[in-house]
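Coordinates from input_36.csv are shown below (CSV, C-alpha atoms).
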```csv
chain,number,residue,atom,x,y,z
S,92,MET,CA,0.6,-49.0,8.5
S,93,GLU,CA,2.7,-46.5,10.4
S,94,LYS,CA,4.1,-45.1,7.2
S,95,ILE,CA,0.6,-44.6,5.9
S,96,PHE,CA,-0.4,-42.8,9.1
S,97,THR,CA,2.6,-40.6,9.0
S,98,SER,CA,2.0,-39.6,5.4
S,99,LEU,CA,-1.7,-38.8,6.2
S,100,VAL,CA,-0.7,-36.5,9.1
S,101,VAL,CA,1.9,-34.6,7.1
S,102,ALA,CA,-0.5,-34.3,4.1
S,103,VAL,CA,-3.3,-33.0,6.3
S,104,GLY,CA,-1.0,-30.4,7.9
S,105,TYR,CA,0.3,-29.4,4.5
S,106,PHE,CA,-3.3,-29.1,3.1
S,107,LEU,CA,-4.4,-26.9,6.1
S,108,ALA,CA,-1.3,-24.6,5.6
S,109,ALA,CA,-2.1,-24.3,1.8
S,110,ASP,CA,-5.8,-23.6,2.5
S,111,ASN,CA,-4.9,-20.8,5.0
S,112,ALA,CA,-2.3,-19.3,2.7
S,113,ALA,CA,-4.4,-19.3,-0.4
S,114,ALA,CA,-7.0,-17.1,1.3
S,115,ALA,CA,-4.5,-14.2,1.1
S,116,ILE,CA,-4.9,-13.8,-2.7
S,117,SER,CA,-8.0,-12.4,-4.4
S,118,VAL,CA,-8.1,-13.2,-8.1
S,119,LEU,CA,-10.2,-11.9,-11.0
S,120,PRO,CA,-10.7,-15.1,-13.1
S,121,THR,CA,-12.6,-13.8,-16.1
S,122,PRO,CA,-11.5,-11.2,-18.8
S,123,ASN,CA,-13.2,-7.9,-19.1
S,124,THR,CA,-13.1,-5.8,-22.3
S,125,SER,CA,-13.9,-2.2,-22.6
S,126,SER,CA,-12.5,1.2,-23.4
S,127,GLN,CA,-12.5,2.0,-19.7
S,128,ILE,CA,-12.2,-0.5,-16.8
S,129,PHE,CA,-12.3,0.2,-13.0
S,130,LEU,CA,-10.6,-2.0,-10.5
S,131,THR,CA,-11.9,-1.9,-6.9
S,132,PHE,CA,-10.9,-3.8,-3.7
S,133,ASP,CA,-13.0,-3.9,-0.5
S,134,GLY,CA,-10.3,-5.4,1.7
S,135,ALA,CA,-11.4,-9.0,0.8
S,136,ASN,CA,-12.4,-9.2,-2.8
S,137,LEU,CA,-11.1,-7.7,-6.0
S,138,THR,CA,-13.8,-6.7,-8.5
S,139,VAL,CA,-14.0,-4.9,-11.9
S,140,SER,CA,-16.6,-2.8,-13.6
S,141,ASN,CA,-17.0,-0.3,-16.4
S,142,ILE,CA,-18.0,2.5,-14.1
S,143,GLY,CA,-16.5,3.6,-10.8
S,144,TYR,CA,-14.0,5.7,-8.9
S,145,ALA,CA,-11.0,3.5,-8.2
S,146,LEU,CA,-8.0,2.4,-10.2
S,147,ARG,CA,-8.8,3.1,-13.8
S,148,MET,CA,-7.5,1.4,-17.0
S,149,GLY,CA,-8.4,2.9,-20.3
S,150,TYR,CA,-7.5,3.1,-24.0
S,151,ASP,CA,-7.5,6.4,-25.8
S,152,MET,CA,-8.0,5.7,-29.5
S,153,GLU,CA,-7.5,9.3,-30.6
S,154,MET,CA,-4.0,9.5,-28.9
S,155,ASN,CA,-3.4,5.8,-29.6
S,156,ARG,CA,-2.3,5.2,-26.0
S,157,ILE,CA,-3.2,3.2,-22.9
S,158,ALA,CA,-4.0,5.3,-19.8
S,159,LEU,CA,-3.7,3.9,-16.2
S,160,GLY,CA,-4.6,6.1,-13.3
S,161,ASP,CA,-5.9,6.6,-9.8
S,162,TYR,CA,-9.5,7.8,-9.7
S,163,ASN,CA,-9.8,7.1,-6.0
S,164,SER,CA,-9.1,10.6,-4.7
S,165,SER,CA,-9.1,9.5,-1.1
S,166,TYR,CA,-5.8,7.6,-1.5
S,167,SER,CA,-3.2,9.8,-3.3
S,168,GLU,CA,-0.6,7.1,-3.3
S,169,ASP,CA,-2.7,4.6,-5.3
S,170,GLY,CA,-1.6,3.9,-8.8
S,171,PHE,CA,0.1,1.6,-11.3
S,172,THR,CA,3.8,1.0,-11.9
S,173,PRO,CA,5.1,3.5,-14.5
S,174,GLY,CA,5.6,0.8,-17.1
S,175,SER,CA,5.0,-2.9,-17.5
S,176,VAL,CA,6.8,-5.5,-15.4
S,177,SER,CA,7.9,-9.0,-16.1
S,178,ALA,CA,6.1,-12.0,-14.8
S,179,GLU,CA,7.1,-13.0,-11.3
S,180,ILE,CA,8.5,-9.5,-10.5
S,181,VAL,CA,7.8,-8.7,-6.8
S,182,ILE,CA,5.1,-6.1,-6.5
S,183,SER,CA,5.6,-4.4,-3.1
S,184,SER,CA,6.3,-1.0,-1.4
S,185,ASN,CA,9.8,-1.0,-3.0
S,186,LEU,CA,8.4,-0.1,-6.5
S,187,THR,CA,7.2,3.3,-7.7
S,188,TYR,CA,3.5,3.8,-8.4
S,189,ASP,CA,2.2,6.7,-10.5
S,190,GLY,CA,-1.3,8.3,-10.0
S,191,ASN,CA,-1.5,8.8,-13.8
S,192,TYR,CA,0.5,6.9,-16.4
S,193,TYR,CA,0.2,7.0,-20.2
S,194,SER,CA,1.9,4.7,-22.7
S,195,SER,CA,1.8,5.0,-26.5
S,196,THR,CA,3.6,1.6,-26.7
S,197,LEU,CA,0.7,-0.8,-26.9
S,198,PRO,CA,1.4,-3.8,-24.7
S,199,ASN,CA,0.9,-7.3,-25.7
S,200,SER,CA,-0.3,-9.2,-22.6
S,201,ALA,CA,1.7,-6.9,-20.3
S,202,TYR,CA,1.7,-7.0,-16.5
S,203,TYR,CA,1.4,-3.9,-14.5
S,204,GLY,CA,1.8,-3.7,-10.7
S,205,PHE,CA,-0.6,-1.6,-8.6
S,206,LYS,CA,-1.0,-0.2,-5.1
S,207,TYR,CA,-4.5,0.1,-3.6
S,208,GLY,CA,-5.4,1.8,-0.3
S,209,THR,CA,-8.2,0.7,2.0
S,210,GLY,CA,-9.5,2.2,5.2
S,211,SER,CA,-9.6,5.9,5.9
S,212,GLY,CA,-7.8,8.7,7.7
S,213,SER,CA,-4.7,7.7,9.5
S,214,SER,CA,-5.7,4.0,9.3
S,215,ILE,CA,-5.2,3.7,5.5
S,216,GLN,CA,-3.5,0.4,4.6
S,217,TYR,CA,-2.0,-0.4,1.2
S,218,HIS,CA,-2.4,-3.6,-0.7
S,219,TYR,CA,-0.3,-4.7,-3.7
S,220,GLY,CA,-1.5,-6.5,-6.8
S,221,TRP,CA,-1.0,-6.9,-10.6
S,222,VAL,CA,-3.1,-6.7,-13.8
S,223,ASN,CA,-2.5,-8.4,-17.1
S,224,LEU,CA,-3.7,-6.2,-20.0
S,225,THR,CA,-3.9,-6.6,-23.8
S,226,VAL,CA,-4.9,-3.9,-26.3
S,227,SER,CA,-6.4,-4.8,-29.7
S,228,ASN,CA,-8.5,-2.9,-32.2
S,229,GLY,CA,-9.2,0.0,-29.8
S,230,ALA,CA,-10.2,-2.1,-26.9
S,231,LEU,CA,-8.4,-2.7,-23.6
S,232,THR,CA,-8.8,-6.2,-22.2
S,233,LEU,CA,-8.1,-7.0,-18.6
S,234,ASN,CA,-7.1,-10.6,-18.9
S,235,SER,CA,-6.6,-11.3,-15.2
S,236,ALA,CA,-5.7,-9.5,-12.0
S,237,ALA,CA,-4.9,-10.4,-8.4
S,238,ILE,CA,-4.3,-8.6,-5.1
S,239,ASN,CA,-2.8,-9.7,-1.8
S,240,THR,CA,-5.6,-9.3,0.7
S,241,ILE,CA,-3.0,-8.9,3.5
S,242,ALA,CA,-2.1,-5.2,3.7
S,243,GLY,CA,1.6,-4.4,3.2
S,244,GLU,CA,2.4,-7.9,1.9
S,245,SER,CA,4.0,-8.3,-1.6
S,246,ILE,CA,2.8,-10.4,-4.5
S,247,LEU,CA,4.5,-11.7,-7.6
S,248,ALA,CA,3.3,-10.5,-11.0
S,249,GLY,CA,1.1,-13.3,-12.3
S,250,GLN,CA,0.7,-15.0,-8.9
S,251,THR,CA,-2.7,-16.4,-8.2
S,252,ALA,CA,-2.2,-18.4,-5.0
S,253,VAL,CA,0.3,-18.5,-2.2
S,254,THR,CA,2.8,-21.4,-2.2
S,255,ALA,CA,2.0,-23.4,0.9
S,256,VAL,CA,4.7,-23.2,3.5
S,257,PRO,CA,3.8,-25.0,6.8
S,258,GLU,CA,3.8,-22.9,9.9
S,259,PRO,CA,6.8,-23.4,12.2
S,260,GLY,CA,4.4,-24.7,14.9
S,261,MET,CA,3.4,-27.5,12.5
S,262,TRP,CA,6.9,-28.6,11.6
S,263,MET,CA,7.9,-29.8,15.0
S,264,PRO,CA,5.1,-32.2,15.7
S,265,SER,CA,5.4,-33.6,12.2
S,266,LEU,CA,9.1,-34.0,12.5
S,267,VAL,CA,8.9,-35.7,15.9
S,268,LEU,CA,6.3,-38.1,14.5
S,269,VAL,CA,8.3,-38.9,11.5
S,270,LEU,CA,11.5,-39.5,13.6
S,271,GLY,CA,9.6,-41.6,16.1
S,272,VAL,CA,8.1,-43.8,13.4
S,273,ALA,CA,11.5,-44.2,11.7
S,274,PHE,CA,13.2,-45.1,15.1
S,275,ARG,CA,10.5,-47.7,15.8
S,276,ARG,CA,10.8,-49.2,12.4
S,277,ARG,CA,14.6,-49.4,12.8
S,278,ARG,CA,14.3,-51.1,16.2
S,279,SER,CA,11.8,-53.6,14.8
S,280,ARG,CA,14.1,-54.4,11.8
S,281,SER,CA,17.2,-54.8,14.1
S,282,LYS,CA,15.2,-57.3,16.3
S,283,ALA,CA,14.1,-59.2,13.3
S,284,THR,CA,17.8,-59.7,12.2
S,285,VAL,CA,19.0,-61.0,15.6
S,286,VAL,CA,19.5,-64.8,15.4
```

Using structure tokens, write down the structure from this file.
Amino acid sequence: MEKIFTSLVVAVGYFLAADNAAAAISVLPTPNTSSQIFLTFDGANLTVSNIGYALRMGYDMEMNRIALGDYNSSYSEDGFTPGSVSAEIVISSNLTYDGNYYSSTLPNSAYYGFKYGTGSGSSIQYHYGWVNLTVSNGALTLNSAAINTIAGESILAGQTAVTAVPEPGMWMPSLVLVLGVAFRRRRSRSKATVV
């Protein structure tokens, strides 16, 4: 009975940590295909449309190239990484982001990191995210995308949820409980073996 109770307490704590952590990632779950796609972020949710003034992804059939750029003139540092990145590469302030990037090498399900500013004036904060793009028959498809809703925090290319790590304040009560139960079980076993 004690073992079941201990497992339940630890599982509930782990679930709460996972639930809180997962809220830090906003994901676009459905593909969007067009010659021009705009990615916007309001500080909580990542959205995509075929018209807008934000991060732009497009495919130029005449020049046979993909174009990624910053149409959000308020934030001059917005932009995409100058080239595709591998899955699980850390997207953070350590990377370079170009306001306008063109590539004549057509990617096949390629990841690009991006930087997106929210706020205004001196209170601009930057968020980091990734997009997964495919080009086929003159159309650019945004397969998926995600952004870390916590400003300044990194994200891995392809990451859609935060791996649950229990808060330090939750470790100690759980550890004390587990040790207490283990000690009590050991005492009860030693009493049972005394003849």

**Asked** What does the distance between CA of Asp189 (chain S) and CA of Ser235 (chain S) come to in Å, to one decimal place?
**Response**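 Rounded to one decimal, the two atoms are 20.6 Å apart.
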
**Shell around Thr232 (chain S) at 10 Å using only C-alpha atoms, local window under 4 positions removed, as a ChimeraX atom specification** = /S:122-128,148-150,200,223-227

**Message:** Would you compute the distance between CA of Ser175 (chain S) and CA of Asn191 (chain S)? Give it in Å to one decimal.
**Reply:**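 Separation between CA of Ser175 (chain S) and CA of Asn191 (chain S): 13.9 Å.
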
**Prompt:** Restricting the calculation to only C-alpha atoms, which member of S:Leu137, S:Met152, S:Ile238, S:Ile157 is positioned closest to Thr196 (chain S)?
**Reply:**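 When distances to Thr196 (chain S) are compared using only C-alpha atoms, the smallest one comes from S:Ile157.
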
**Request:** Compile the contact shell of Thr187 (chain S) as a ChimeraX atom specification: residues with an atom at most 9 Å away, counting all atoms listed in the file, same-chain residues fewer than 3 positions apart removed.
**Result:** /S:170-173,184

**Request:** Choose the residue, out of S:Gln250, S:Ser194, S:Ser167, S:Thr121, that has the smallest atom-to-atom separation from Tyr219 (chain S); count all atoms listed in the file.
**Result:**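 The shortest atom-to-atom distance to Tyr219 (chain S) comes from S:Gln250.
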
**Item:** Between CA of Thr209 (chain S) and CA of Leu159 (chain S) - distance in Å to one decimal
**Value:**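 About the pair CA of Leu159 (chain S) and CA of Thr209 (chain S): they are 19.0 Å apart.
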
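Nearest to Ala201 (chain S) of all the residues S:Asn228, S:Asn185, S:Gln216, S:Asn234 is S:Asn234, based on all atoms listed in the file.
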
**Prompt:** Of the residues S:Ala135, S:Val222, S:Leu186, S:Ile116, which is the one nearest to Tyr203 (chain S), using all atoms listed in the file?
**Reply:**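 Once distances to Tyr203 (chain S) are computed over all atoms listed in the file, the minimum belongs to S:Val222.
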
**Request:** Please check which residues have atoms at most 9 Å from (-1.9, -3.8, 1.7) in the file's coordinates, counting all atoms listed in the file, and write them as a ChimeraX atom specification.
**Result:** /S:134,183,206-209,216-220,238-245
